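File shown: structure.cif (mmCIF, C-alpha atoms).
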data_upload
#
loop_
_atom_site.label_atom_id
_atom_site.label_comp_id
_atom_site.auth_asym_id
_atom_site.auth_seq_id
_atom_site.Cartn_x
_atom_site.Cartn_y
_atom_site.Cartn_z
CA MET A 1 66.59 44.28 186.01
CA SER A 2 66.50 40.90 184.31
CA ASP A 3 68.48 39.41 187.21
CA PHE A 4 66.07 40.84 189.70
CA LEU A 5 63.04 39.47 187.82
CA THR A 6 64.66 36.03 187.52
CA VAL A 7 65.33 35.87 191.26
CA PHE A 8 61.83 37.11 192.05
CA PHE A 9 60.08 34.56 189.83
CA LEU A 10 62.31 31.70 190.96
CA LEU A 11 61.70 32.34 194.64
CA THR A 12 57.95 32.98 194.39
CA GLY A 13 57.52 29.94 192.13
CA SER A 14 59.39 27.58 194.41
CA GLY A 15 57.66 29.09 197.45
CA LEU A 16 54.27 28.32 195.89
CA ILE A 17 55.35 24.74 195.16
CA LEU A 18 56.43 24.42 198.79
CA ILE A 19 53.02 25.71 199.90
CA GLY A 20 51.41 23.09 197.67
CA ALA A 21 53.56 20.38 199.27
CA ILE A 22 52.68 21.57 202.78
CA GLY A 23 49.04 21.52 201.73
CA ALA A 24 49.42 17.97 200.44
CA VAL A 25 50.60 16.91 203.88
CA ARG A 26 48.29 18.98 206.07
CA MET A 27 44.90 18.98 204.37
CA PRO A 28 42.41 16.53 205.83
CA ASP A 29 40.92 14.82 202.76
CA LEU A 30 41.78 13.96 199.18
CA ILE A 31 39.87 16.70 197.39
CA LEU A 32 41.09 19.41 199.75
CA ARG A 33 44.62 18.17 199.10
CA MET A 34 43.99 18.51 195.39
CA HIS A 35 42.88 22.13 195.91
CA ALA A 36 46.39 22.81 197.22
CA THR A 37 48.46 20.76 194.78
CA THR A 38 46.60 21.75 191.60
CA LYS A 39 46.54 25.50 191.99
CA ALA A 40 49.79 26.11 193.84
CA GLY A 41 51.72 23.52 191.83
CA ALA A 42 50.57 24.78 188.44
CA LEU A 43 51.21 28.44 189.12
CA GLY A 44 54.51 27.67 190.87
CA VAL A 45 55.91 25.80 187.86
CA GLY A 46 54.47 28.50 185.60
CA LEU A 47 56.37 31.22 187.47
CA MET A 48 59.58 29.19 187.27
CA THR A 49 59.24 28.84 183.49
CA VAL A 50 58.81 32.62 183.30
CA ALA A 51 62.02 32.91 185.33
CA THR A 52 63.96 30.80 182.82
CA ALA A 53 62.54 32.78 179.90
CA VAL A 54 63.59 36.04 181.56
CA TYR A 55 67.05 34.66 182.37
CA PHE A 56 67.99 33.33 178.93
CA LEU A 57 66.22 36.04 176.88
CA ASP A 58 66.28 33.93 173.74
CA ILE A 59 63.44 33.26 171.33
CA GLY A 60 63.86 29.46 171.33
CA VAL A 61 63.91 29.27 175.12
CA THR A 62 60.93 31.60 175.38
CA VAL A 63 58.87 29.42 173.04
CA ARG A 64 59.73 26.31 175.07
CA ALA A 65 58.98 28.13 178.32
CA LEU A 66 55.61 29.27 176.99
CA SER A 67 54.75 25.75 175.85
CA ILE A 68 55.59 24.32 179.28
CA LEU A 69 53.54 27.09 180.90
CA ALA A 70 50.52 26.55 178.64
CA PHE A 71 50.72 22.81 179.04
CA VAL A 72 50.94 22.81 182.83
CA VAL A 73 48.25 25.44 183.34
CA LEU A 74 45.87 23.73 180.90
CA THR A 75 46.33 20.16 182.11
CA ALA A 76 46.35 20.74 185.88
CA PRO A 77 42.56 21.20 186.17
CA ILE A 78 41.94 18.24 183.84
CA ALA A 79 44.15 15.94 185.90
CA ALA A 80 42.42 17.15 189.07
CA HIS A 81 39.00 16.46 187.57
CA VAL A 82 39.99 12.97 186.40
CA ILE A 83 41.54 11.94 189.72
CA GLY A 84 38.77 13.52 191.78
CA ARG A 85 36.11 11.73 189.76
CA ALA A 86 37.91 8.39 190.01
CA ALA A 87 38.40 8.80 193.77
CA TYR A 88 34.78 9.76 194.22
CA PHE A 89 33.55 6.75 192.26
CA THR A 90 35.69 4.39 194.27
CA GLY A 91 34.31 5.84 197.48
CA ALA A 92 37.06 7.96 198.96
CA PRO A 93 35.84 9.40 202.27
CA LEU A 94 35.23 13.14 202.60
CA TRP A 95 36.37 15.07 205.66
CA GLU A 96 33.93 14.66 208.54
CA ARG A 97 33.34 18.42 208.71
CA THR A 98 32.10 18.54 205.12
CA LEU A 99 28.77 20.33 205.26
CA LYS A 100 26.88 18.96 202.29
CA ASP A 101 27.29 16.58 199.40
CA GLU A 102 24.92 16.95 196.47
CA LEU A 103 26.93 14.60 194.27
CA GLY A 104 26.74 11.41 196.30
CA GLN A 105 22.96 11.12 196.12
CA ASN A 106 22.88 11.42 192.32
CA LEU A 107 25.60 8.90 191.64
CA ASP A 108 25.07 5.36 190.42
CA ARG A 109 28.42 3.76 191.21
CA ARG A 110 27.83 0.44 189.51
CA GLY A 111 26.63 1.82 186.17
CA HIS A 112 29.08 4.76 186.15
CA TYR A 113 26.14 7.06 185.61
CA LEU A 114 25.72 10.49 187.13
CA ARG A 115 22.25 12.00 187.18
CA SER A 116 21.67 15.74 187.07
CA GLY A 117 18.71 15.68 189.44
CA LEU A 118 16.68 17.73 186.95
CA GLU A 119 15.04 14.83 185.12
CA GLU A 120 11.96 14.72 187.34
CA GLN A 121 11.30 18.38 186.76
CA ASP A 122 11.21 17.80 182.98
CA ARG A 123 8.79 14.94 183.17
CA LEU A 124 6.12 17.03 184.88
CA PRO A 125 3.60 18.71 182.54
CA ASN A 126 3.98 22.45 182.32
CA ARG A 127 1.10 23.44 184.56
CA ASP A 128 2.30 21.20 187.37
CA ARG A 129 5.78 22.61 187.39
CA PRO A 130 6.53 24.25 190.74
CA ALA A 131 6.61 28.04 190.56
CA GLU A 132 10.13 29.41 190.32
CA MET B 133 38.05 32.75 159.61
CA THR B 134 38.83 34.24 156.19
CA LEU B 135 39.70 37.46 157.98
CA PHE B 136 42.28 35.52 159.98
CA ILE B 137 43.92 34.32 156.74
CA TRP B 138 43.86 37.88 155.43
CA ASN B 139 45.55 38.97 158.63
CA ILE B 140 48.38 36.45 158.16
CA LEU B 141 48.79 37.55 154.52
CA LEU B 142 49.01 41.17 155.61
CA ALA B 143 51.67 40.19 158.16
CA PHE B 144 53.72 38.54 155.39
CA VAL B 145 53.34 41.64 153.25
CA TRP B 146 54.61 43.73 156.15
CA VAL B 147 57.60 41.42 156.64
CA ALA B 148 58.44 41.51 152.93
CA LEU B 149 58.09 45.28 152.64
CA SER B 150 59.99 46.14 155.82
CA GLY B 151 62.71 43.54 155.17
CA ASN B 152 62.62 42.54 158.84
CA PHE B 153 62.59 38.74 158.65
CA THR B 154 62.26 37.94 162.36
CA GLY B 155 59.59 36.80 164.74
CA SER B 156 59.11 40.27 166.16
CA GLY B 157 58.80 41.69 162.64
CA PHE B 158 56.05 39.18 161.89
CA LEU B 159 54.31 39.99 165.17
CA ALA B 160 54.39 43.70 164.35
CA GLY B 161 52.96 42.97 160.90
CA PHE B 162 50.23 40.86 162.45
CA ILE B 163 49.25 43.61 164.88
CA PHE B 164 49.21 46.31 162.17
CA GLY B 165 47.27 44.03 159.86
CA TYR B 166 44.77 43.40 162.61
CA LEU B 167 44.31 47.11 163.20
CA VAL B 168 43.75 47.68 159.46
CA LEU B 169 41.18 44.88 159.32
CA ALA B 170 39.39 46.17 162.40
CA PHE B 171 39.28 49.66 160.89
CA VAL B 172 37.99 48.40 157.54
CA SER B 173 35.35 46.17 159.07
CA ARG B 174 34.12 49.09 161.16
CA MET B 175 34.00 51.35 158.09
CA SER B 176 32.01 48.82 156.09
CA GLY B 177 29.58 48.52 158.95
CA ASP B 178 29.60 44.77 159.61
CA MET B 179 31.51 44.05 162.80
CA THR B 180 32.29 40.44 161.94
CA GLY B 181 33.19 37.92 164.59
CA TYR B 182 36.95 37.95 164.14
CA THR B 183 37.80 41.56 164.91
CA ARG B 184 35.48 41.59 167.90
CA LYS B 185 36.90 38.31 169.18
CA ILE B 186 40.53 39.25 169.76
CA PRO B 187 39.93 41.93 172.42
CA GLN B 188 37.57 39.45 174.10
CA VAL B 189 40.20 36.71 174.07
CA ILE B 190 42.85 39.03 175.49
CA GLY B 191 40.50 40.30 178.17
CA PHE B 192 39.56 36.75 179.05
CA THR B 193 43.20 35.64 179.31
CA LEU B 194 44.00 38.52 181.66
CA PHE B 195 40.92 37.68 183.71
CA TYR B 196 42.05 34.03 183.90
CA LEU B 197 45.56 34.98 185.07
CA TRP B 198 44.12 37.30 187.70
CA GLU B 199 41.83 34.54 188.97
CA LEU B 200 44.82 32.16 189.09
CA ILE B 201 46.84 34.57 191.24
CA ARG B 202 43.89 35.22 193.53
CA SER B 203 43.21 31.52 193.96
CA ASN B 204 46.83 30.90 194.87
CA MET B 205 46.80 33.57 197.55
CA ARG B 206 43.65 31.99 198.92
CA VAL B 207 45.14 28.50 198.92
CA ALA B 208 48.35 29.75 200.54
CA TYR B 209 46.25 31.36 203.25
CA GLU B 210 44.25 28.17 203.84
CA VAL B 211 47.35 25.99 203.95
CA LEU B 212 49.30 28.16 206.36
CA THR B 213 46.49 28.80 208.87
CA PRO B 214 44.86 26.09 211.02
CA THR B 215 42.52 23.98 208.94
CA HIS B 216 39.49 24.13 211.21
CA TYR B 217 38.10 27.28 209.62
CA MET B 218 37.24 25.54 206.38
CA ARG B 219 33.62 24.64 205.62
CA PRO B 220 33.94 22.41 202.57
CA GLY B 221 31.07 20.91 200.62
CA VAL B 222 29.97 19.60 197.24
CA ILE B 223 27.33 21.61 195.42
CA GLY B 224 25.60 21.09 192.09
CA LEU B 225 25.51 24.00 189.66
CA PRO B 226 22.75 23.84 187.01
CA LEU B 227 24.20 24.78 183.63
CA MET B 228 22.61 27.19 181.19
CA THR B 229 24.44 25.74 178.21
CA GLN B 230 24.88 22.14 177.16
CA SER B 231 27.60 22.59 174.53
CA ASP B 232 30.68 20.46 175.22
CA ALA B 233 33.17 23.24 174.52
CA ALA B 234 31.53 25.70 176.91
CA VAL B 235 31.16 23.11 179.67
CA THR B 236 34.81 22.05 179.32
CA LEU B 237 36.10 25.61 179.46
CA LEU B 238 33.84 26.46 182.37
CA ALA B 239 34.91 23.39 184.35
CA ASN B 240 38.59 24.19 183.85
CA LEU B 241 38.08 27.80 184.85
CA ILE B 242 36.18 26.81 187.97
CA SER B 243 39.04 24.52 188.97
CA MET B 244 41.36 27.50 188.72
CA THR B 245 39.24 30.03 190.60
CA PRO B 246 39.63 30.51 194.35
CA GLY B 247 38.40 27.74 196.59
CA THR B 248 36.49 25.69 194.02
CA LEU B 249 37.36 22.50 192.16
CA SER B 250 35.04 20.95 189.60
CA ILE B 251 34.64 17.22 190.15
CA ASP B 252 32.29 15.98 187.49
CA VAL B 253 29.54 16.79 185.00
CA SER B 254 26.35 14.77 185.01
CA ASN B 255 25.91 12.47 182.03
CA ASP B 256 23.31 14.73 180.40
CA ASN B 257 25.57 17.83 180.64
CA ARG B 258 23.09 19.73 182.75
CA MET B 259 24.68 19.81 186.17
CA LEU B 260 28.25 20.54 187.18
CA TYR B 261 29.34 19.23 190.56
CA ILE B 262 31.81 21.45 192.37
CA HIS B 263 33.78 20.98 195.56
CA ALA B 264 34.15 24.28 197.39
CA MET B 265 36.34 25.11 200.36
CA HIS B 266 33.88 27.57 201.88
CA ILE B 267 30.14 27.23 201.52
CA ASP B 268 29.21 29.56 204.38
CA ASP B 269 27.80 31.98 201.84
CA GLU B 270 26.40 29.63 199.25
CA ASP B 271 24.31 32.22 197.41
CA ALA B 272 27.28 34.52 196.81
CA LEU B 273 29.32 31.56 195.58
CA ARG B 274 26.60 30.53 193.16
CA ALA B 275 26.29 34.11 191.92
CA ASP B 276 30.04 34.24 191.24
CA LEU B 277 29.95 30.96 189.34
CA LYS B 278 26.94 32.11 187.30
CA ASP B 279 28.84 35.27 186.38
CA LEU B 280 31.77 33.16 185.20
CA GLU B 281 29.43 30.99 183.14
CA ARG B 282 27.95 34.08 181.50
CA ARG B 283 31.45 35.24 180.51
CA VAL B 284 32.29 31.84 179.01
CA ILE B 285 29.09 31.72 176.97
CA GLU B 286 29.70 35.24 175.73
CA LEU B 287 33.23 34.30 174.68
CA LEU B 288 32.19 31.21 172.75
CA SER B 289 29.07 32.60 171.08
CA MET C 290 72.87 37.10 193.21
CA ILE C 291 71.34 34.59 190.80
CA GLU C 292 73.66 31.79 191.98
CA TRP C 293 72.42 32.16 195.55
CA ALA C 294 68.81 32.41 194.44
CA VAL C 295 69.14 29.21 192.43
CA VAL C 296 70.68 27.38 195.38
CA ALA C 297 67.87 28.63 197.63
CA THR C 298 65.29 27.53 195.05
CA LEU C 299 66.79 24.06 194.86
CA LEU C 300 66.76 23.78 198.66
CA ILE C 301 63.11 24.87 198.85
CA LEU C 302 62.18 22.37 196.16
CA ALA C 303 64.09 19.62 197.97
CA LEU C 304 62.08 20.36 201.12
CA ALA C 305 58.86 20.23 199.09
CA LEU C 306 59.98 16.92 197.62
CA VAL C 307 60.54 15.45 201.09
CA LEU C 308 57.08 16.57 202.26
CA THR C 309 55.38 15.18 199.18
CA THR C 310 57.23 11.89 199.52
CA ALA C 311 55.91 11.67 203.07
CA ARG C 312 52.39 11.95 201.67
CA LEU C 313 53.27 9.33 199.07
CA PHE C 314 54.11 6.88 201.86
CA ILE C 315 51.27 7.84 204.24
CA GLY C 316 48.49 8.38 201.68
CA PRO C 317 45.71 6.11 202.84
CA SER C 318 44.30 5.40 199.38
CA LEU C 319 45.78 4.89 195.94
CA ALA C 320 44.27 8.19 194.77
CA ASP C 321 46.23 10.06 197.46
CA ARG C 322 49.40 8.50 196.17
CA VAL C 323 48.57 9.49 192.59
CA VAL C 324 48.08 13.09 193.70
CA ALA C 325 51.44 12.97 195.49
CA LEU C 326 53.13 11.50 192.41
CA GLU C 327 51.72 14.23 190.24
CA LEU C 328 53.06 16.89 192.56
CA ILE C 329 56.44 15.12 192.60
CA ALA C 330 56.53 15.32 188.80
CA LEU C 331 55.78 19.05 188.97
CA ILE C 332 58.57 19.51 191.53
CA ALA C 333 60.94 17.61 189.23
CA VAL C 334 59.99 19.98 186.40
CA GLY C 335 60.81 22.88 188.71
CA ILE C 336 64.19 21.34 189.61
CA MET C 337 65.03 20.91 185.92
CA LEU C 338 64.21 24.56 185.26
CA ALA C 339 66.32 25.77 188.20
CA TYR C 340 69.16 23.49 187.10
CA ALA C 341 68.99 24.85 183.54
CA ILE C 342 69.60 28.30 185.00
CA GLN C 343 72.38 27.08 187.29
CA VAL C 344 74.46 25.44 184.57
CA ASP C 345 73.36 27.98 181.94
CA ARG C 346 72.19 25.35 179.44
CA PRO C 347 68.71 25.78 177.95
CA ALA C 348 68.73 22.15 176.76
CA PHE C 349 67.37 21.07 180.15
CA MET C 350 64.11 22.78 179.31
CA ASP C 351 63.34 20.01 176.82
CA VAL C 352 63.64 17.49 179.63
CA ALA C 353 61.24 19.58 181.71
CA LEU C 354 58.77 19.74 178.82
CA VAL C 355 58.77 15.97 178.27
CA LEU C 356 58.46 15.33 182.00
CA ALA C 357 55.41 17.61 182.21
CA LEU C 358 53.83 15.77 179.27
CA THR C 359 54.37 12.27 180.64
CA ALA C 360 53.23 13.23 184.16
CA PHE C 361 49.83 14.25 182.82
CA MET C 362 49.52 11.00 180.86
CA ALA C 363 50.44 9.01 183.98
CA ALA C 364 47.78 10.79 186.03
CA VAL C 365 45.09 10.09 183.45
CA GLY C 366 46.16 6.45 183.17
CA PHE C 367 46.09 5.94 186.93
CA ALA C 368 42.66 7.49 187.16
CA ARG C 369 41.43 5.15 184.46
CA LEU C 370 42.82 2.18 186.38
CA LEU C 371 41.20 3.38 189.60
CA GLU C 372 37.82 3.81 188.01
CA ARG C 373 37.63 0.61 186.00
CA GLY C 374 38.86 -1.85 188.59
CA GLY C 375 41.73 -2.33 190.95
CA SER C 376 41.34 -2.19 194.70
CA SER C 377 40.70 1.22 196.20
CA ASP C 378 42.54 0.89 199.48
CA GLU C 379 46.02 -0.25 198.51
#
Would it be possible to restate this file's structure as structure tokens?
Amino acid sequence: MSDFLTVFFLLTGSGLILIGAIGAVRMPDLILRMHATTKAGALGVGLMTVATAVYFLDIGVTVRALSILAFVVLTAPIAAHVIGRAAYFTGAPLWERTLKDELGQNLDRRGHYLRSGLEEQDRLPNRDRPAE
Amino acid sequence: MTLFIWNILLAFVWVALSGNFTGSGFLAGFIFGYLVLAFVSRMSGDMTGYTRKIPQVIGFTLFYLWELIRSNMRVAYEVLTPTHYMRPGVIGLPLMTQSDAAVTLLANLISMTPGTLSIDVSNDNRMLYIHAMHIDDEDALRADLKDLERRVIELLS
Amino acid sequence: MIEWAVVATLLILALALVLTTARLFIGPSLADRVVALELIALIAVGIMLAYAIQVDRPAFMDVALVLALTAFMAAVGFARLLERGGSSDE
């Protein structure tokens, strides 16, 4: 049973990492590539740590496996956010089929300031506020 | 928080009384201590934060894992089929809460849910900018994200 | 059964490594290369884990843990560099 689970987790985990790598090659722009590498990479490594924990069946190994799992799953979205933000600020192009971009118009690149687009609405007196 | 300390003390009592000095013995003591505390706090009528929190945290963790698996199936599908079916876009999501903890947790969760990746928060914490793979049905997407935000606020309140 | 599965895992990961390295060389901007490097670090963590199973030594998991930690730091540092200066297209 333990053997079977180890094999299952190893193969699904590495398969997911391979899917992430294929995505990194095939996807048309930076942020779409990050969709693939962040999610597939994090869960793939997570499944492989579960495989090692199941294989060794030892409390020390399990603790280390869980810490790797927690660390990878918690930091993957943060790394994606940091890189995506930096790329966006330096003007990385989006795919030409991208339908809309509500971020670009609110961004002040030079001052590193990002507006919410809600400031105007606040400044209006209450009676002038457009009906919801 | 004091209830948490009581819980750890009860776990130690369990370990000492049962003579089972291992990690699993401590875990068992912790679980039994938790059940006792939950029972007592229900008897005395005040459902304090701690005993209500743990089922919420467990439910939330399961929900997170489920979302992670779903998002991976979605990404695998997108990667392995021709890319022309994607309709990506960046949308702004107005936030109901401005607390840093809630916004951080929400942004991380959104990055892990299917087809969305949070890029940045505006400087006044009121708008979260999200890159989505499919914005054909923008209203449904926004409704999903609002639902997630409600869960996060409930968890942290 | 496990021996064969580990060999298959290592082969799959090697293929993933080749693909990601291709993106590392193509990647038009520096940010693309950082994304590729991050994925390479994750693949290396996976290889360490598979190798720990192959040689039956849990000590390799410590290497995997440290690699995961430093990869995240590297990504954050690169992003900082990108945002606060440095050319965007090389």
Given the PyMOL selection byres ((chain C) within 8 of (chain A)) and the file above, list the residues it selects as number ranges by chain. C: 290-291, 294-295, 297-298, 301-302, 304-306, 308-309, 311-312, 318, 320-321, 323-325, 328, 331-332, 334-335, 338-339, 341-342, 347, 350-351, 353-354, 357-358, 361, 364-365, 368-369, 371-372, 377
Sort by chain and increasing residue number a table of all residues of chain B within 9 Å of chain A, each with its closest pair of atoms and their distance in Å to one decimal, counting only C-alpha atoms, and write it as a Markdown table.
| residue | atom | partner | partner_atom | distance |
| --- | --- | --- | --- | --- |
| B:Gly155 | CA | A:Ile59 | CA | 8.4 |
| B:Leu200 | CA | A:Leu43 | CA | 7.4 |
| B:Ile201 | CA | A:Leu43 | CA | 7.8 |
| B:Ser203 | CA | A:Lys39 | CA | 7.2 |
| B:Asn204 | CA | A:Ala40 | CA | 5.7 |
| B:Met205 | CA | A:Ala40 | CA | 8.9 |
| B:Val207 | CA | A:Ala36 | CA | 6.1 |
| B:Ala208 | CA | A:Ile19 | CA | 6.2 |
| B:Glu210 | CA | A:Gly23 | CA | 8.5 |
| B:Val211 | CA | A:Gly23 | CA | 5.3 |
| B:Leu212 | CA | A:Ile19 | CA | 7.8 |
| B:Thr215 | CA | A:Met27 | CA | 7.2 |
| B:His216 | CA | A:Arg97 | CA | 8.8 |
| B:Met218 | CA | A:Arg97 | CA | 8.4 |
| B:Arg219 | CA | A:Thr98 | CA | 6.3 |
| B:Pro220 | CA | A:Thr98 | CA | 5.0 |
| B:Gly221 | CA | A:Lys100 | CA | 4.9 |
| B:Val222 | CA | A:Asp101 | CA | 4.6 |
| B:Ile223 | CA | A:Glu102 | CA | 5.4 |
| B:Gly224 | CA | A:Glu102 | CA | 6.1 |
| B:Pro226 | CA | A:Ser116 | CA | 8.2 |
| B:Ala239 | CA | A:Pro77 | CA | 8.2 |
| B:Asn240 | CA | A:Pro77 | CA | 5.5 |
| B:Leu241 | CA | A:Pro77 | CA | 8.1 |
| B:Ile242 | CA | A:Pro77 | CA | 8.7 |
| B:Ser243 | CA | A:Pro77 | CA | 5.6 |
| B:Met244 | CA | A:Lys39 | CA | 6.4 |
| B:Thr245 | CA | A:Lys39 | CA | 8.7 |
| B:Pro246 | CA | A:Lys39 | CA | 8.9 |
| B:Gly247 | CA | A:His35 | CA | 7.2 |
| B:Thr248 | CA | A:His35 | CA | 7.6 |
| B:Leu249 | CA | A:His35 | CA | 6.7 |
| B:Ser250 | CA | A:His81 | CA | 6.3 |
| B:Ile251 | CA | A:His81 | CA | 5.1 |
| B:Asp252 | CA | A:Arg85 | CA | 6.1 |
| B:Val253 | CA | A:Leu114 | CA | 7.7 |
| B:Ser254 | CA | A:Leu114 | CA | 4.8 |
| B:Asn255 | CA | A:Leu114 | CA | 5.5 |
| B:Asp256 | CA | A:Ser116 | CA | 6.9 |
| B:Asn257 | CA | A:Ser116 | CA | 7.8 |
| B:Arg258 | CA | A:Ser116 | CA | 6.0 |
| B:Met259 | CA | A:Ser116 | CA | 5.1 |
| B:Leu260 | CA | A:Ser116 | CA | 8.1 |
| B:Tyr261 | CA | A:Leu103 | CA | 6.4 |
| B:Ile262 | CA | A:Leu103 | CA | 8.6 |
| B:His263 | CA | A:Ile31 | CA | 7.7 |
| B:Ala264 | CA | A:Leu32 | CA | 8.8 |
| B:Met265 | CA | A:Leu32 | CA | 7.4 |
| B:Ile267 | CA | A:Leu99 | CA | 8.0 |
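Across the structure, CA of Phe162 in chain B and CA of Asn139 in chain B are spaced 6.3 Å apart.
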So how far away is CA of Gly157 in chain B from CA of Ser2 in chain A, in Å? 23.0 Å
What's the separation between CA of Ile315 in chain C and CA of Ala360 in chain C, in Å to one decimal place?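 One can read the CA of Ile315 in chain C to CA of Ala360 in chain C distance as 20.9 Å.
Distances to Met362 in chain C were evaluated for C:Ala333, C:Leu299, C:Glu327, C:Pro317 using all atoms listed in the file, and the minimum falls at C:Glu327.
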